[in-house]
Amino acid sequence: MAHLSLEEATRLGAQALRCAGASEEMALSTAKALVRADAQGLASHGLSRVPQYATHLSNGRADGQAVPVVARKKGATVLVDAGQGLAFPACDLAIATAITTAREMGVCFVGITNSHHCGVLIDHLRAAADAGLVGLGFANAPAAMPAAGGKHPVFGTNPLAAIFPRRDADPLMIDLSLSEVARGKVMLAAKEGKPIPLGWALDTEGRPTTDAQAALEGSMLPLGAVSSPKGSMLALVVELLVTAVIGARFSFEASSFFVDEGNQPRIGQAFILIDPGALAGADSYFERMEALIAEMLQDDGVRLAGARRIALEAKAQQAGITIPDALKFQLDQLVSEGSVV
């Protein structure tokens with residue numbers, strides 16, 4: 001394993017992306033987000049994504065020189081166009097614009113079209129919590145899950161996230177994929193030649209499988225699919241919010257992230273920011289938050305949502321992160337073989 005400080009990891013990731021065709025802003029925004037994922041123990045959404053992104057930048061599936069813009073604004077709604085670039089600069093713009101709008105209007109719904117994989121969804125909402133705002137996040141992805149009762153992939157794993165700020169304490173952070181597990185975990189298992197647990201996925205014939213590669217070629221099972229269609233129904237809600245409502249592509253219209261060739265995904269993300277001061281009032285909100293948390297913590301073993309990720313990230317600030325030697329070699333190779341655009 002290769003050990004890197006967060007600064008070294010960010011610099012290496014950004015250099016690799018720059019050499020693949022990303023602008024300086026896009027490369028740095030993306031690298032920071034990926035390293036933050038690694039720092040939280042989320043290797044499936046960390047620097048392991050750089051080779052994939054680099055391929056998409058090199059072959060035109062993502063535009064490394066794209067500059068996100070606010071394409072439309074009406075009242076408390078905002079539409080950001082990512083311009084077929086990597087998603088992170090567009091998410092930065094969307095959240096910054098939504099914070100300003102929510103402070104003025106009490107709420108903001110911001111959608112992002114013509115986008116790409118957005119990494120760890122909850123991390124985009126951290127700035128909202130820092131501003132004292134409640135945040136909700138939604139995203140689709142290339143089709144990986146069937147509709148309820150179906151066999152072929154229609155929906156992405158379609159994560160949703162929520163963040164609730166606290167006074168003088170870390171926020172509560174909820175972040176979940178609507179598949180039984182995040183597809184990135186299956187991707188890592190496939191890379192390492194390891195099996196996956198039964199109940200995670202189906203093969204191309206719609207049969208349950210423990211073969212990670214067969215799962216990537218087949219479909220992921222929605223959350224709780226063994227006993228209920230609820231996960232699939234939630235995936236449908238997210239799908240419609242980030243496609244029909246804002247104009248992004250449906251999951252089934254986007255080529256898989258896990259193949260080199262394919263179309264520009266042009267998928268979507270959406271965020272809702274709410275100012276609790278405009279409703280219950282800030283003091284009441286923070287008091288009620290602590291009352292609920294105190295009640296939860298009466299039981300031994302209760303872990304607050306997001307606490308483990310925050311603790312790991314704080315530790316990584318001092319200790320750095322480790323990545324597989326093979327990944328370090330890939331990143332170094334991207335830098336040595338590429339040239340900054």
# chains A, B, ... in the order shown; residues from 1 in each chain; ligands from 1
$ select_by_dssp --residues "range 230-331 of chain A" --states "strand (DSSP E or B)" --output "list in words"
Ile267, Gly268, Gln269, Ala270, Phe271, Ile272, Leu273, Ile274, Ile321, Thr322 and Ile323 of chain A
$ closest_atom_pairs --of "range 124-168 of chain A" --to "range 99-103 of chain A" --cutoff "9 Å" --atoms "only C-alpha atoms" --output "CSV"
residue,atom,partner,partner_atom,distance
A:Ala127,CA,A:Ile99,CA,8.4
A:Ala128,CA,A:Ile99,CA,6.3
A:Ala131,CA,A:Ile99,CA,7.4
A:Leu133,CA,A:Ile99,CA,7.8
$ residues_around --residues "Gly137 in chain A" --least-positions-apart "5" --cutoff "10 Å" --atoms "only C-alpha atoms" --output "PyMOL selection string"
chain A and resi 109-111+121-125+159-163+174-175+238+242+269-273
$ write_last_selection --atoms "N, CA and C atoms" --output "PDB file, in the first residue's frame"
ATOM      1  N   PHE A 109     -34.456  24.975  -4.625  1.00  0.00           N
ATOM      2  CA  PHE A 109     -34.294  23.711  -5.356  1.00  0.00           C
ATOM      3  C   PHE A 109     -33.368  24.011  -6.520  1.00  0.00           C
ATOM      4  N   VAL A 110     -32.229  23.309  -6.564  1.00  0.00           N
ATOM      5  CA  VAL A 110     -31.288  23.500  -7.663  1.00  0.00           C
ATOM      6  C   VAL A 110     -31.054  22.165  -8.357  1.00  0.00           C
ATOM      7  N   GLY A 111     -31.186  22.171  -9.679  1.00  0.00           N
ATOM      8  CA  GLY A 111     -30.930  20.976 -10.468  1.00  0.00           C
ATOM      9  C   GLY A 111     -29.691  21.157 -11.324  1.00  0.00           C
ATOM     10  N   LEU A 121     -22.386  11.846  -2.445  1.00  0.00           N
ATOM     11  CA  LEU A 121     -23.438  12.858  -2.557  1.00  0.00           C
ATOM     12  C   LEU A 121     -23.503  13.778  -1.344  1.00  0.00           C
ATOM     13  N   ILE A 122     -23.387  13.212  -0.150  1.00  0.00           N
ATOM     14  CA  ILE A 122     -23.545  14.023   1.065  1.00  0.00           C
ATOM     15  C   ILE A 122     -22.481  15.114   1.164  1.00  0.00           C
ATOM     16  N   ASP A 123     -21.292  14.859   0.626  1.00  0.00           N
ATOM     17  CA  ASP A 123     -20.217  15.840   0.777  1.00  0.00           C
ATOM     18  C   ASP A 123     -20.528  17.160   0.090  1.00  0.00           C
ATOM     19  N   HIS A 124     -21.352  17.124  -0.935  1.00  0.00           N
ATOM     20  CA  HIS A 124     -21.749  18.374  -1.591  1.00  0.00           C
ATOM     21  C   HIS A 124     -22.616  19.234  -0.680  1.00  0.00           C
ATOM     22  N   LEU A 125     -23.233  18.617   0.320  1.00  0.00           N
ATOM     23  CA  LEU A 125     -24.137  19.342   1.212  1.00  0.00           C
ATOM     24  C   LEU A 125     -23.442  19.890   2.459  1.00  0.00           C
ATOM     25  N   PRO A 159     -28.571   7.498  -5.485  1.00  0.00           N
ATOM     26  CA  PRO A 159     -28.411   7.833  -4.071  1.00  0.00           C
ATOM     27  C   PRO A 159     -29.253   9.036  -3.659  1.00  0.00           C
ATOM     28  N   LEU A 160     -29.545   9.061  -2.365  1.00  0.00           N
ATOM     29  CA  LEU A 160     -30.150  10.252  -1.765  1.00  0.00           C
ATOM     30  C   LEU A 160     -29.407  10.551  -0.480  1.00  0.00           C
ATOM     31  N   ALA A 161     -29.386  11.817  -0.121  1.00  0.00           N
ATOM     32  CA  ALA A 161     -28.631  12.253   1.053  1.00  0.00           C
ATOM     33  C   ALA A 161     -29.395  13.362   1.777  1.00  0.00           C
ATOM     34  N   ALA A 162     -29.120  13.484   3.065  1.00  0.00           N
ATOM     35  CA  ALA A 162     -29.712  14.563   3.858  1.00  0.00           C
ATOM     36  C   ALA A 162     -28.714  14.999   4.919  1.00  0.00           C
ATOM     37  N   ILE A 163     -28.653  16.290   5.153  1.00  0.00           N
ATOM     38  CA  ILE A 163     -27.764  16.821   6.185  1.00  0.00           C
ATOM     39  C   ILE A 163     -28.545  17.779   7.073  1.00  0.00           C
ATOM     40  N   ILE A 174     -26.876  11.772   6.479  1.00  0.00           N
ATOM     41  CA  ILE A 174     -27.452  10.527   5.977  1.00  0.00           C
ATOM     42  C   ILE A 174     -27.156  10.435   4.491  1.00  0.00           C
ATOM     43  N   ASP A 175     -26.598   9.314   4.055  1.00  0.00           N
ATOM     44  CA  ASP A 175     -26.201   9.164   2.655  1.00  0.00           C
ATOM     45  C   ASP A 175     -26.357   7.698   2.281  1.00  0.00           C
ATOM     46  N   VAL A 238     -36.466   9.376  -7.069  1.00  0.00           N
ATOM     47  CA  VAL A 238     -35.214  10.092  -7.335  1.00  0.00           C
ATOM     48  C   VAL A 238     -35.014  10.270  -8.835  1.00  0.00           C
ATOM     49  N   VAL A 242     -34.579  14.046 -10.795  1.00  0.00           N
ATOM     50  CA  VAL A 242     -33.338  14.504 -11.420  1.00  0.00           C
ATOM     51  C   VAL A 242     -33.335  14.328 -12.937  1.00  0.00           C
ATOM     52  N   GLN A 269     -28.245  15.780 -11.084  1.00  0.00           N
ATOM     53  CA  GLN A 269     -28.254  15.875  -9.626  1.00  0.00           C
ATOM     54  C   GLN A 269     -29.231  16.988  -9.231  1.00  0.00           C
ATOM     55  N   ALA A 270     -29.757  16.886  -8.036  1.00  0.00           N
ATOM     56  CA  ALA A 270     -30.639  17.937  -7.522  1.00  0.00           C
ATOM     57  C   ALA A 270     -30.414  18.088  -6.028  1.00  0.00           C
ATOM     58  N   PHE A 271     -30.491  19.316  -5.569  1.00  0.00           N
ATOM     59  CA  PHE A 271     -30.326  19.616  -4.149  1.00  0.00           C
ATOM     60  C   PHE A 271     -31.440  20.549  -3.698  1.00  0.00           C
ATOM     61  N   ILE A 272     -31.944  20.294  -2.509  1.00  0.00           N
ATOM     62  CA  ILE A 272     -32.932  21.176  -1.885  1.00  0.00           C
ATOM     63  C   ILE A 272     -32.328  21.692  -0.592  1.00  0.00           C
ATOM     64  N   LEU A 273     -32.208  22.993  -0.469  1.00  0.00           N
ATOM     65  CA  LEU A 273     -31.713  23.608   0.761  1.00  0.00           C
ATOM     66  C   LEU A 273     -32.845  24.351   1.439  1.00  0.00           C
TER      67      LEU A 273
END
$ residues_around --residues "range 210-212 of chain A" --least-positions-apart "6" --cutoff "9 Å" --atoms "only C-alpha atoms" --output "PDB file with C-alpha atoms, in the first residue's frame"
ATOM      1  CA  VAL A 186     -19.122  -4.419  -6.668  1.00  0.00           C
ATOM      2  CA  MET A 187     -16.648  -2.648  -8.959  1.00  0.00           C
ATOM      3  CA  LEU A 188     -13.887  -3.033  -6.353  1.00  0.00           C
ATOM      4  CA  ALA A 189     -14.755  -6.705  -5.828  1.00  0.00           C
ATOM      5  CA  ALA A 190     -14.572  -7.277  -9.584  1.00  0.00           C
ATOM      6  CA  LYS A 191     -11.173  -5.563  -9.793  1.00  0.00           C
ATOM      7  CA  GLY A 193     -11.447 -10.929  -8.239  1.00  0.00           C
ATOM      8  CA  LYS A 194     -13.487 -11.370  -5.068  1.00  0.00           C
ATOM      9  CA  PRO A 195     -17.058 -12.748  -4.781  1.00  0.00           C
ATOM     10  CA  ILE A 196     -19.964 -10.648  -3.533  1.00  0.00           C
ATOM     11  CA  PRO A 197     -22.683 -11.721  -1.075  1.00  0.00           C
ATOM     12  CA  LEU A 198     -25.845 -13.267  -2.449  1.00  0.00           C
ATOM     13  CA  GLY A 199     -28.642 -10.703  -2.554  1.00  0.00           C
ATOM     14  CA  TRP A 200     -26.563  -7.841  -3.937  1.00  0.00           C
ATOM     15  CA  ALA A 201     -27.138  -8.355  -7.645  1.00  0.00           C
ATOM     16  CA  LEU A 202     -28.524 -10.321 -10.591  1.00  0.00           C
ATOM     17  CA  ASP A 203     -26.715 -11.591 -13.691  1.00  0.00           C
TER      18      ASP A 203
END
$ select_by_dssp --residues "range 122-286 of chain A" --states "alpha helix (DSSP H)" --output "PyMOL selection string"
chain A and resi 126-130+183-192+212-217+230-241+282-286
$ closest_residue --among "A:Ala82, A:Ala248, A:Cys118, A:Ile274" --to "Arg49 in chain A" --atoms "only C-alpha atoms"
A:Cys118
$ decode --residues "range 5-38 of chain A" --atoms "N, CA, C and O atoms" --output "PDB file, in the first residue's frame"
ATOM      1  N   SER A   5      -0.098  11.895   2.232  1.00  0.00           N
ATOM      2  CA  SER A   5      -0.837  12.912   2.980  1.00  0.00           C
ATOM      3  C   SER A   5      -2.012  13.351   2.120  1.00  0.00           C
ATOM      4  O   SER A   5      -2.046  13.103   0.906  1.00  0.00           O
ATOM      5  N   LEU A   6      -2.991  14.015   2.716  1.00  0.00           N
ATOM      6  CA  LEU A   6      -4.131  14.470   1.923  1.00  0.00           C
ATOM      7  C   LEU A   6      -3.696  15.469   0.862  1.00  0.00           C
ATOM      8  O   LEU A   6      -4.226  15.470  -0.260  1.00  0.00           O
ATOM      9  N   GLU A   7      -2.709  16.289   1.190  1.00  0.00           N
ATOM     10  CA  GLU A   7      -2.207  17.264   0.218  1.00  0.00           C
ATOM     11  C   GLU A   7      -1.522  16.558  -0.947  1.00  0.00           C
ATOM     12  O   GLU A   7      -1.731  16.914  -2.112  1.00  0.00           O
ATOM     13  N   GLU A   8      -0.709  15.546  -0.644  1.00  0.00           N
ATOM     14  CA  GLU A   8      -0.029  14.796  -1.698  1.00  0.00           C
ATOM     15  C   GLU A   8      -1.038  14.065  -2.584  1.00  0.00           C
ATOM     16  O   GLU A   8      -0.912  14.035  -3.814  1.00  0.00           O
ATOM     17  N   ALA A   9      -2.042  13.473  -1.948  1.00  0.00           N
ATOM     18  CA  ALA A   9      -3.063  12.731  -2.698  1.00  0.00           C
ATOM     19  C   ALA A   9      -3.851  13.655  -3.608  1.00  0.00           C
ATOM     20  O   ALA A   9      -4.134  13.320  -4.769  1.00  0.00           O
ATOM     21  N   THR A  10      -4.202  14.826  -3.086  1.00  0.00           N
ATOM     22  CA  THR A  10      -4.947  15.791  -3.895  1.00  0.00           C
ATOM     23  C   THR A  10      -4.115  16.275  -5.072  1.00  0.00           C
ATOM     24  O   THR A  10      -4.603  16.368  -6.205  1.00  0.00           O
ATOM     25  N   ARG A  11      -2.864  16.566  -4.818  1.00  0.00           N
ATOM     26  CA  ARG A  11      -1.975  17.041  -5.886  1.00  0.00           C
ATOM     27  C   ARG A  11      -1.811  15.972  -6.968  1.00  0.00           C
ATOM     28  O   ARG A  11      -1.885  16.272  -8.165  1.00  0.00           O
ATOM     29  N   LEU A  12      -1.625  14.726  -6.554  1.00  0.00           N
ATOM     30  CA  LEU A  12      -1.441  13.645  -7.518  1.00  0.00           C
ATOM     31  C   LEU A  12      -2.707  13.415  -8.338  1.00  0.00           C
ATOM     32  O   LEU A  12      -2.655  13.287  -9.567  1.00  0.00           O
ATOM     33  N   GLY A  13      -3.859  13.389  -7.656  1.00  0.00           N
ATOM     34  CA  GLY A  13      -5.115  13.197  -8.372  1.00  0.00           C
ATOM     35  C   GLY A  13      -5.386  14.322  -9.360  1.00  0.00           C
ATOM     36  O   GLY A  13      -5.815  14.075 -10.493  1.00  0.00           O
ATOM     37  N   ALA A  14      -5.120  15.547  -8.932  1.00  0.00           N
ATOM     38  CA  ALA A  14      -5.360  16.697  -9.813  1.00  0.00           C
ATOM     39  C   ALA A  14      -4.408  16.675 -11.008  1.00  0.00           C
ATOM     40  O   ALA A  14      -4.811  16.970 -12.139  1.00  0.00           O
ATOM     41  N   GLN A  15      -3.148  16.315 -10.774  1.00  0.00           N
ATOM     42  CA  GLN A  15      -2.190  16.246 -11.878  1.00  0.00           C
ATOM     43  C   GLN A  15      -2.624  15.194 -12.903  1.00  0.00           C
ATOM     44  O   GLN A  15      -2.545  15.431 -14.119  1.00  0.00           O
ATOM     45  N   ALA A  16      -3.069  14.050 -12.421  1.00  0.00           N
ATOM     46  CA  ALA A  16      -3.502  12.988 -13.332  1.00  0.00           C
ATOM     47  C   ALA A  16      -4.689  13.435 -14.172  1.00  0.00           C
ATOM     48  O   ALA A  16      -4.754  13.174 -15.379  1.00  0.00           O
ATOM     49  N   LEU A  17      -5.626  14.130 -13.551  1.00  0.00           N
ATOM     50  CA  LEU A  17      -6.804  14.609 -14.282  1.00  0.00           C
ATOM     51  C   LEU A  17      -6.442  15.719 -15.262  1.00  0.00           C
ATOM     52  O   LEU A  17      -6.984  15.789 -16.371  1.00  0.00           O
ATOM     53  N   ARG A  18      -5.519  16.585 -14.856  1.00  0.00           N
ATOM     54  CA  ARG A  18      -5.066  17.652 -15.760  1.00  0.00           C
ATOM     55  C   ARG A  18      -4.424  17.044 -17.003  1.00  0.00           C
ATOM     56  O   ARG A  18      -4.658  17.493 -18.124  1.00  0.00           O
ATOM     57  N   CYS A  19      -3.616  16.015 -16.794  1.00  0.00           N
ATOM     58  CA  CYS A  19      -2.934  15.375 -17.923  1.00  0.00           C
ATOM     59  C   CYS A  19      -3.899  14.619 -18.826  1.00  0.00           C
ATOM     60  O   CYS A  19      -3.584  14.348 -19.986  1.00  0.00           O
ATOM     61  N   ALA A  20      -5.084  14.302 -18.309  1.00  0.00           N
ATOM     62  CA  ALA A  20      -6.103  13.627 -19.116  1.00  0.00           C
ATOM     63  C   ALA A  20      -7.007  14.615 -19.838  1.00  0.00           C
ATOM     64  O   ALA A  20      -7.859  14.200 -20.632  1.00  0.00           O
ATOM     65  N   GLY A  21      -6.846  15.920 -19.544  1.00  0.00           N
ATOM     66  CA  GLY A  21      -7.624  16.916 -20.269  1.00  0.00           C
ATOM     67  C   GLY A  21      -8.513  17.802 -19.446  1.00  0.00           C
ATOM     68  O   GLY A  21      -9.228  18.646 -19.989  1.00  0.00           O
ATOM     69  N   ALA A  22      -8.508  17.647 -18.116  1.00  0.00           N
ATOM     70  CA  ALA A  22      -9.352  18.489 -17.270  1.00  0.00           C
ATOM     71  C   ALA A  22      -8.719  19.865 -17.071  1.00  0.00           C
ATOM     72  O   ALA A  22      -7.493  19.999 -17.006  1.00  0.00           O
ATOM     73  N   SER A  23      -9.564  20.880 -16.964  1.00  0.00           N
ATOM     74  CA  SER A  23      -9.081  22.216 -16.623  1.00  0.00           C
ATOM     75  C   SER A  23      -8.547  22.195 -15.198  1.00  0.00           C
ATOM     76  O   SER A  23      -8.804  21.272 -14.417  1.00  0.00           O
ATOM     77  N   GLU A  24      -7.796  23.225 -14.844  1.00  0.00           N
ATOM     78  CA  GLU A  24      -7.228  23.294 -13.496  1.00  0.00           C
ATOM     79  C   GLU A  24      -8.330  23.285 -12.441  1.00  0.00           C
ATOM     80  O   GLU A  24      -8.247  22.568 -11.433  1.00  0.00           O
ATOM     81  N   GLU A  25      -9.393  24.075 -12.660  1.00  0.00           N
ATOM     82  CA  GLU A  25     -10.487  24.142 -11.687  1.00  0.00           C
ATOM     83  C   GLU A  25     -11.187  22.794 -11.559  1.00  0.00           C
ATOM     84  O   GLU A  25     -11.470  22.321 -10.452  1.00  0.00           O
ATOM     85  N   MET A  26     -11.479  22.146 -12.694  1.00  0.00           N
ATOM     86  CA  MET A  26     -12.165  20.864 -12.668  1.00  0.00           C
ATOM     87  C   MET A  26     -11.314  19.803 -11.992  1.00  0.00           C
ATOM     88  O   MET A  26     -11.806  19.009 -11.176  1.00  0.00           O
ATOM     89  N   ALA A  27     -10.028  19.778 -12.322  1.00  0.00           N
ATOM     90  CA  ALA A  27      -9.131  18.777 -11.754  1.00  0.00           C
ATOM     91  C   ALA A  27      -9.026  18.926 -10.249  1.00  0.00           C
ATOM     92  O   ALA A  27      -9.087  17.931  -9.503  1.00  0.00           O
ATOM     93  N   LEU A  28      -8.878  20.161  -9.773  1.00  0.00           N
ATOM     94  CA  LEU A  28      -8.702  20.380  -8.338  1.00  0.00           C
ATOM     95  C   LEU A  28      -9.994  20.094  -7.577  1.00  0.00           C
ATOM     96  O   LEU A  28      -9.969  19.439  -6.523  1.00  0.00           O
ATOM     97  N   SER A  29     -11.133  20.567  -8.088  1.00  0.00           N
ATOM     98  CA  SER A  29     -12.412  20.314  -7.434  1.00  0.00           C
ATOM     99  C   SER A  29     -12.676  18.818  -7.330  1.00  0.00           C
ATOM    100  O   SER A  29     -13.118  18.306  -6.285  1.00  0.00           O
ATOM    101  N   THR A  30     -12.384  18.105  -8.408  1.00  0.00           N
ATOM    102  CA  THR A  30     -12.617  16.660  -8.441  1.00  0.00           C
ATOM    103  C   THR A  30     -11.672  15.928  -7.496  1.00  0.00           C
ATOM    104  O   THR A  30     -12.102  15.063  -6.714  1.00  0.00           O
ATOM    105  N   ALA A  31     -10.393  16.263  -7.557  1.00  0.00           N
ATOM    106  CA  ALA A  31      -9.403  15.585  -6.712  1.00  0.00           C
ATOM    107  C   ALA A  31      -9.698  15.800  -5.231  1.00  0.00           C
ATOM    108  O   ALA A  31      -9.590  14.858  -4.428  1.00  0.00           O
ATOM    109  N   LYS A  32     -10.066  17.012  -4.852  1.00  0.00           N
ATOM    110  CA  LYS A  32     -10.396  17.280  -3.447  1.00  0.00           C
ATOM    111  C   LYS A  32     -11.544  16.389  -2.986  1.00  0.00           C
ATOM    112  O   LYS A  32     -11.510  15.836  -1.876  1.00  0.00           O
ATOM    113  N   ALA A  33     -12.571  16.255  -3.824  1.00  0.00           N
ATOM    114  CA  ALA A  33     -13.733  15.451  -3.456  1.00  0.00           C
ATOM    115  C   ALA A  33     -13.371  13.972  -3.343  1.00  0.00           C
ATOM    116  O   ALA A  33     -13.815  13.273  -2.421  1.00  0.00           O
ATOM    117  N   LEU A  34     -12.551  13.480  -4.266  1.00  0.00           N
ATOM    118  CA  LEU A  34     -12.173  12.071  -4.239  1.00  0.00           C
ATOM    119  C   LEU A  34     -11.282  11.753  -3.042  1.00  0.00           C
ATOM    120  O   LEU A  34     -11.456  10.713  -2.385  1.00  0.00           O
ATOM    121  N   VAL A  35     -10.370  12.630  -2.734  1.00  0.00           N
ATOM    122  CA  VAL A  35      -9.503  12.413  -1.571  1.00  0.00           C
ATOM    123  C   VAL A  35     -10.315  12.484  -0.285  1.00  0.00           C
ATOM    124  O   VAL A  35     -10.074  11.719   0.663  1.00  0.00           O
ATOM    125  N   ARG A  36     -11.304  13.358  -0.239  1.00  0.00           N
ATOM    126  CA  ARG A  36     -12.159  13.418   0.941  1.00  0.00           C
ATOM    127  C   ARG A  36     -12.911  12.095   1.129  1.00  0.00           C
ATOM    128  O   ARG A  36     -13.084  11.628   2.250  1.00  0.00           O
ATOM    129  N   ALA A  37     -13.311  11.483   0.019  1.00  0.00           N
ATOM    130  CA  ALA A  37     -13.968  10.178   0.104  1.00  0.00           C
ATOM    131  C   ALA A  37     -13.008   9.137   0.668  1.00  0.00           C
ATOM    132  O   ALA A  37     -13.364   8.350   1.557  1.00  0.00           O
ATOM    133  N   ASP A  38     -11.770   9.116   0.162  1.00  0.00           N
ATOM    134  CA  ASP A  38     -10.775   8.180   0.702  1.00  0.00           C
ATOM    135  C   ASP A  38     -10.547   8.424   2.187  1.00  0.00           C
ATOM    136  O   ASP A  38     -10.407   7.472   2.969  1.00  0.00           O
TER     137      ASP A  38
END
